[in-house]
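*Asks:* Sharing upload_4.txt, compact mmCIF, C-alpha atoms:
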```txt
# COMPACT_ATOMS: atom_id res chain seq x y z
CA MET A 67 -21.68 -7.30 -93.48
CA ASP A 68 -22.55 -4.03 -95.24
CA GLN A 69 -21.46 -5.44 -98.60
CA ALA A 70 -23.29 -8.72 -97.97
CA LEU A 71 -26.58 -6.91 -97.27
CA LEU A 72 -26.11 -4.72 -100.33
CA LEU A 73 -25.48 -7.74 -102.52
CA ALA A 74 -28.47 -9.58 -101.04
CA VAL A 75 -30.79 -6.67 -101.87
CA GLN A 76 -29.22 -6.38 -105.31
CA SER A 77 -29.78 -10.09 -105.98
CA ILE A 78 -33.55 -9.55 -106.07
CA GLN A 79 -34.18 -8.04 -109.50
CA HIS A 80 -37.45 -7.39 -111.25
CA SER A 81 -38.59 -4.78 -113.76
CA VAL A 82 -41.45 -3.65 -111.48
CA LEU A 83 -38.98 -3.13 -108.63
CA ASP A 84 -36.67 -1.23 -110.99
CA VAL A 85 -39.41 1.23 -111.92
CA THR A 86 -40.66 1.51 -108.33
CA SER A 87 -37.19 2.28 -107.00
CA GLN A 88 -36.67 4.95 -109.65
CA VAL A 89 -39.99 6.67 -108.89
CA ILE A 90 -39.28 6.68 -105.16
CA SER A 91 -35.77 8.11 -105.60
CA ARG A 92 -36.91 10.80 -108.02
CA PHE A 93 -39.79 11.89 -105.77
CA VAL A 94 -37.56 12.24 -102.73
CA ALA A 95 -34.77 14.05 -104.56
CA ASN A 96 -36.99 16.46 -106.43
CA GLY A 97 -36.18 19.83 -104.92
CA PHE A 98 -38.89 21.48 -106.99
CA VAL A 99 -41.57 19.30 -105.37
CA TRP A 100 -40.32 20.21 -101.91
CA LEU A 101 -40.20 23.91 -102.77
CA LEU A 102 -43.83 23.66 -103.89
CA VAL A 103 -44.79 21.96 -100.61
CA ILE A 104 -42.96 24.57 -98.54
CA GLY A 105 -44.43 27.42 -100.63
CA ALA A 106 -47.98 26.09 -100.45
CA LEU A 107 -47.76 25.69 -96.68
CA PHE A 108 -46.16 29.12 -96.26
CA LEU A 109 -48.84 30.88 -98.30
CA GLU A 110 -51.63 29.41 -96.20
CA ARG A 111 -53.12 31.90 -93.80
CA ARG A 112 -53.40 29.41 -90.97
CA ARG A 113 -50.61 29.81 -88.43
CA LEU A 114 -50.02 26.07 -88.11
CA LEU A 115 -49.32 25.64 -91.82
CA HIS A 116 -47.12 28.72 -91.86
CA GLN A 117 -45.11 27.29 -88.95
CA ALA A 118 -44.86 23.93 -90.70
CA SER A 119 -43.40 25.57 -93.81
CA ILE A 120 -40.79 27.45 -91.81
CA ALA A 121 -39.85 24.32 -89.88
CA LEU A 122 -39.60 22.30 -93.09
CA ALA A 123 -37.42 24.89 -94.83
CA THR A 124 -35.20 25.17 -91.75
CA GLY A 125 -34.87 21.39 -91.46
CA PHE A 126 -33.95 21.09 -95.13
CA ILE A 127 -31.33 23.83 -94.87
CA LEU A 128 -29.82 22.13 -91.81
CA GLU A 129 -29.85 18.74 -93.57
CA LEU A 130 -28.16 20.20 -96.63
CA GLY A 131 -25.46 21.92 -94.58
CA ILE A 132 -24.82 19.06 -92.16
CA VAL A 133 -25.10 16.07 -94.50
CA GLU A 134 -24.04 17.39 -97.89
CA GLY A 135 -21.77 20.21 -96.73
CA PHE A 136 -20.06 18.65 -93.75
CA ILE A 137 -20.43 14.89 -93.16
CA LYS A 138 -20.19 13.60 -96.74
CA PRO A 139 -16.94 15.45 -97.53
CA LEU A 140 -15.52 14.60 -94.10
CA VAL A 141 -16.19 10.84 -94.35
CA ALA A 142 -15.66 10.72 -98.15
CA ARG A 143 -16.99 7.18 -98.50
CA SER A 144 -16.92 5.79 -102.02
CA ARG A 145 -20.21 4.81 -103.63
CA PRO A 146 -20.72 1.04 -103.95
CA PHE A 147 -20.56 1.19 -107.74
CA TRP A 148 -17.16 2.92 -107.54
CA VAL A 149 -15.56 -0.05 -105.79
CA LEU A 150 -17.71 -3.12 -106.50
CA PRO A 151 -17.63 -4.02 -110.19
CA ASP A 152 -20.77 -6.20 -110.13
CA ILE A 153 -23.10 -3.59 -108.65
CA ARG A 154 -26.10 -2.89 -110.84
CA VAL A 155 -26.89 0.83 -110.82
CA ILE A 156 -30.45 1.91 -111.54
CA ASP A 157 -31.37 5.48 -112.38
CA GLY A 158 -27.94 6.91 -113.05
CA VAL A 159 -24.73 7.47 -111.18
CA THR A 160 -23.62 10.40 -109.10
CA ASN A 161 -20.23 11.82 -108.25
CA THR A 162 -21.02 12.71 -104.62
CA TYR A 163 -19.96 10.58 -101.69
CA SER A 164 -22.06 7.77 -100.26
CA PHE A 165 -22.17 8.30 -96.48
CA PRO A 166 -24.75 9.20 -95.27
CA SER A 167 -27.66 9.01 -97.67
CA GLY A 168 -28.89 12.53 -98.32
CA HIS A 169 -32.13 11.24 -99.85
CA VAL A 170 -32.97 9.29 -96.72
CA ALA A 171 -31.87 12.08 -94.36
CA LEU A 172 -33.98 14.65 -96.21
CA LEU A 173 -37.10 12.50 -96.23
CA THR A 174 -36.61 11.60 -92.56
CA VAL A 175 -36.40 15.31 -91.68
CA ALA A 176 -39.60 15.90 -93.64
CA GLY A 177 -41.24 12.94 -91.93
CA TRP A 178 -40.43 14.20 -88.44
CA ILE A 179 -41.63 17.72 -89.16
CA LEU A 180 -44.75 16.88 -91.14
CA SER A 181 -45.75 14.15 -88.66
CA HIS A 182 -45.49 16.70 -85.88
CA TYR A 183 -47.75 19.22 -87.61
CA PHE A 184 -50.03 16.61 -89.20
CA PRO A 185 -49.98 13.59 -86.84
CA LYS A 186 -52.45 11.53 -88.88
CA THR A 187 -49.88 11.40 -91.71
CA ALA A 188 -47.10 9.86 -89.61
CA TRP A 189 -47.68 6.37 -91.03
CA VAL A 190 -47.23 7.75 -94.58
CA TRP A 191 -43.80 9.11 -93.70
CA VAL A 192 -42.72 5.88 -92.03
CA VAL A 193 -43.67 3.96 -95.19
CA LEU A 194 -41.97 6.50 -97.51
CA VAL A 195 -38.76 6.51 -95.48
CA GLY A 196 -38.75 2.70 -95.48
CA LEU A 197 -39.28 2.56 -99.24
CA THR A 198 -36.54 5.14 -99.77
CA VAL A 199 -34.13 3.18 -97.57
CA TRP A 200 -34.81 0.10 -99.69
CA SER A 201 -34.64 1.97 -103.03
CA ARG A 202 -31.27 3.60 -102.38
CA VAL A 203 -29.69 0.19 -101.67
CA TYR A 204 -31.63 -1.55 -104.46
CA ASN A 205 -30.51 1.17 -106.89
CA GLY A 206 -26.90 0.38 -106.02
CA VAL A 207 -26.02 3.89 -104.90
CA HIS A 208 -25.74 3.30 -101.12
CA TYR A 209 -24.62 0.72 -98.64
CA PRO A 210 -27.14 -0.26 -95.92
CA SER A 211 -25.11 1.64 -93.30
CA ASP A 212 -25.40 4.80 -95.44
CA VAL A 213 -29.19 4.69 -95.33
CA LEU A 214 -29.26 3.77 -91.63
CA ALA A 215 -27.05 6.79 -90.91
CA GLY A 216 -29.39 8.90 -93.06
CA VAL A 217 -32.35 7.86 -90.89
CA LEU A 218 -30.47 8.57 -87.66
CA ILE A 219 -29.06 11.93 -88.77
CA GLY A 220 -32.35 12.98 -90.39
CA SER A 221 -34.18 12.06 -87.16
CA LEU A 222 -31.79 14.15 -85.10
CA ILE A 223 -32.12 17.13 -87.45
CA GLY A 224 -35.92 16.80 -87.55
CA TRP A 225 -36.15 16.53 -83.77
CA LEU A 226 -33.83 19.50 -83.22
CA THR A 227 -35.71 21.59 -85.78
CA LEU A 228 -38.97 20.93 -83.95
CA ARG A 229 -37.37 22.04 -80.68
CA VAL A 230 -35.83 25.25 -82.05
CA ILE A 231 -38.49 26.61 -84.45
CA PRO A 232 -41.31 27.06 -81.89
CA ARG A 233 -38.95 29.01 -79.63
CA LEU A 234 -37.97 31.35 -82.48
CA GLN A 235 -41.60 32.02 -83.36
CA LYS A 236 -42.63 33.24 -79.90
```
Once you've parsed the file, please lay out its structure as structure tokens.

*Replies:*
Amino acid sequence: MDQALLLAVQSIQHSVLDVTSQVISRFVANGFVWLLVIGALFLERRRLLHQASIALATGFILELGIVEGFIKPLVARSRPFWVLPDIRVIDGVTNTYSFPSGHVALLTVAGWILSHYFPKTAWVWVVLVGLTVWSRVYNGVHYPSDVLAGVLIGSLIGWLTLRVIPRLQK
């Protein structure tokens, strides 16, 4: 079923979708952008923004360690384009494992944390996570179960971060 969903998403091809999926993936994966966000929030004198920056940095460190450092090497799932010869890859290939999607997990962590501190932006994060889920499959770099796992793991990390950080700041 995972392959069938991947192939169904891949069957819908259009140059506008190609560009859109590339922009979404590059925005999410751009560590420099996230460092700027964390830095800008941290430098603000308001306590709430300072707390948000610490929570975001903590969530990202946890995501990196759990997803990239532990789960991906443990599961070691091949990328779709490694095993399916007809997969169309957009925006380059990578040599890291497929499960779970780090892009999706990272953005989901950000969504949980930033929605907590800035509730009016929650809808933005839901839309961005949804677009990222679609783009990672459309780009041919993840199976649907990879991105679903990214949402679930990112949600757990975001939720846990929001439970731990306030206790450490008291």

*Asks:* Would you kindly return, as a PDB file with C-alpha atoms, in the coordinates of the input, each protein, DNA or RNA residue with an atom no farther than 10 Å from any atom of Gly168 of chain A, considering all atoms listed in the file and excluding same-chain residues fewer than 4 positions away?

*Replies:*
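Writing done, so here's part-v3.pdb:
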```pdb
ATOM      1  CA  VAL A  94     -37.560  12.240-102.730  1.00  0.00           C
ATOM      2  CA  ALA A  95     -34.770  14.050-104.560  1.00  0.00           C
ATOM      3  CA  GLU A 129     -29.850  18.740 -93.570  1.00  0.00           C
ATOM      4  CA  LEU A 130     -28.160  20.200 -96.630  1.00  0.00           C
ATOM      5  CA  ILE A 132     -24.820  19.060 -92.160  1.00  0.00           C
ATOM      6  CA  VAL A 133     -25.100  16.070 -94.500  1.00  0.00           C
ATOM      7  CA  GLU A 134     -24.040  17.390 -97.890  1.00  0.00           C
ATOM      8  CA  LYS A 138     -20.190  13.600 -96.740  1.00  0.00           C
ATOM      9  CA  TYR A 163     -19.960  10.580-101.690  1.00  0.00           C
ATOM     10  CA  SER A 164     -22.060   7.770-100.260  1.00  0.00           C
ATOM     11  CA  LEU A 172     -33.980  14.650 -96.210  1.00  0.00           C
ATOM     12  CA  LEU A 173     -37.100  12.500 -96.230  1.00  0.00           C
ATOM     13  CA  THR A 174     -36.610  11.600 -92.560  1.00  0.00           C
ATOM     14  CA  ASP A 212     -25.400   4.800 -95.440  1.00  0.00           C
ATOM     15  CA  VAL A 213     -29.190   4.690 -95.330  1.00  0.00           C
ATOM     16  CA  ALA A 215     -27.050   6.790 -90.910  1.00  0.00           C
ATOM     17  CA  GLY A 216     -29.390   8.900 -93.060  1.00  0.00           C
ATOM     18  CA  VAL A 217     -32.350   7.860 -90.890  1.00  0.00           C
ATOM     19  CA  ILE A 219     -29.060  11.930 -88.770  1.00  0.00           C
ATOM     20  CA  GLY A 220     -32.350  12.980 -90.390  1.00  0.00           C
TER      21      GLY A 220
END
```

*Asks:* Taking 3 positions as the minimum chain separation for residues in the same chain, which residues sit within 12 Å of Leu128 of chain A when counting all atoms listed in the file? Answer as a count of residues only.

*Replies:* 27

*Asks:* Can you tell me how far atom CA of Leu140 of chain A sits from atom CA of Tyr204 of chain A, in Å to one decimal?

*Replies:*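 Separation of atom CA of Leu140 of chain A and atom CA of Tyr204 of chain A: 25.1 Å.
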
*Asks:* I need the residue nearest Pro210 of chain A from this list: A:Ala106, A:Leu150, A:Val141, A:Val170. Use only C-alpha atoms for the distance.

*Replies:* A:Val170

*Asks:* What's the separation between atom CA of Ser201 of chain A and atom CA of Phe126 of chain A, in Å to one decimal place?

*Replies:*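 Answer for the atom CA of Ser201 of chain A to atom CA of Phe126 of chain A separation: 20.7 Å.
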
*Asks:* Would you mind telling me which residue in A:Leu218, A:Thr198, A:His208, A:Val149 lies nearest to Ile90 of chain A when using only C-alpha atoms?

*Replies:*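 Of all the options, A:Thr198 lies closest to Ile90 of chain A.
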
*Asks:* What are the centre and edge lengths in Å, to one decimal, of the axis-aligned box around all listed atoms of segment 127-130 of chain A with 5 Å added on each side, as lines of an AutoDock Vina configuration file?

*Replies:*
```
center_x = -29.7
center_y = 21.3
center_z = -94.2
size_x = 13.2
size_y = 15.1
size_z = 14.8
```

*Asks:* To one decimal place in Å, what is the distance between atom CA of His169 of chain A and atom CA of Phe184 of chain A?

*Replies:*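 Straight-line distance from atom CA of His169 of chain A to atom CA of Phe184 of chain A works out to 21.5 Å.
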
*Asks:* At a cut-off of 9 Å, using all atoms listed in the file, what residues contact Ile120 of chain A? Leave out same-chain residues fewer than 5 positions from it and give the result as a PDB file with C-alpha atoms, keeping the file's coordinate frame.

*Replies:*
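Contents of part_7.pdb, freshly written:
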```pdb
ATOM      1  CA  ILE A 104     -42.960  24.570 -98.540  1.00  0.00           C
ATOM      2  CA  LEU A 107     -47.760  25.690 -96.680  1.00  0.00           C
ATOM      3  CA  PHE A 108     -46.160  29.120 -96.260  1.00  0.00           C
ATOM      4  CA  LEU A 115     -49.320  25.640 -91.820  1.00  0.00           C
ATOM      5  CA  GLY A 125     -34.870  21.390 -91.460  1.00  0.00           C
ATOM      6  CA  ILE A 231     -38.490  26.610 -84.450  1.00  0.00           C
TER       7      ILE A 231
END
```

*Asks:* For a quick check of understanding, using only C-alpha atoms, which of A:Gly206, A:Pro151, A:Pro139, A:Gly177 has the smallest distance to Val192 of chain A?

*Replies:*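 Looking only at the distances to Val192 of chain A, the closest residue turns out to be A:Gly177.
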
*Asks:* From the options A:Pro146, A:Pro185, A:Pro166, A:Gly158, which residue's atoms come nearest to Arg92 of chain A, counting only C-alpha atoms?

*Replies:*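 For Arg92 of chain A, the nearest of the given residues is A:Gly158.
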
*Asks:* Here's a test: counting all atoms listed in the file, identify every protein, DNA and RNA residue with an atom at most 12 Å from (-32.6, -7.1, -111.1) in the file's coordinate frame, and state them as a ChimeraX atom specification.

*Replies:* /A:73-85,87,152-156,204-206

*Asks:* A:Trp200, A:Val207, A:Thr187, A:Trp178: which is nearest Thr160 of chain A, counting all atoms listed in the file?

*Replies:*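 Looking at the shortest contact to Thr160 of chain A, the residue is A:Val207.
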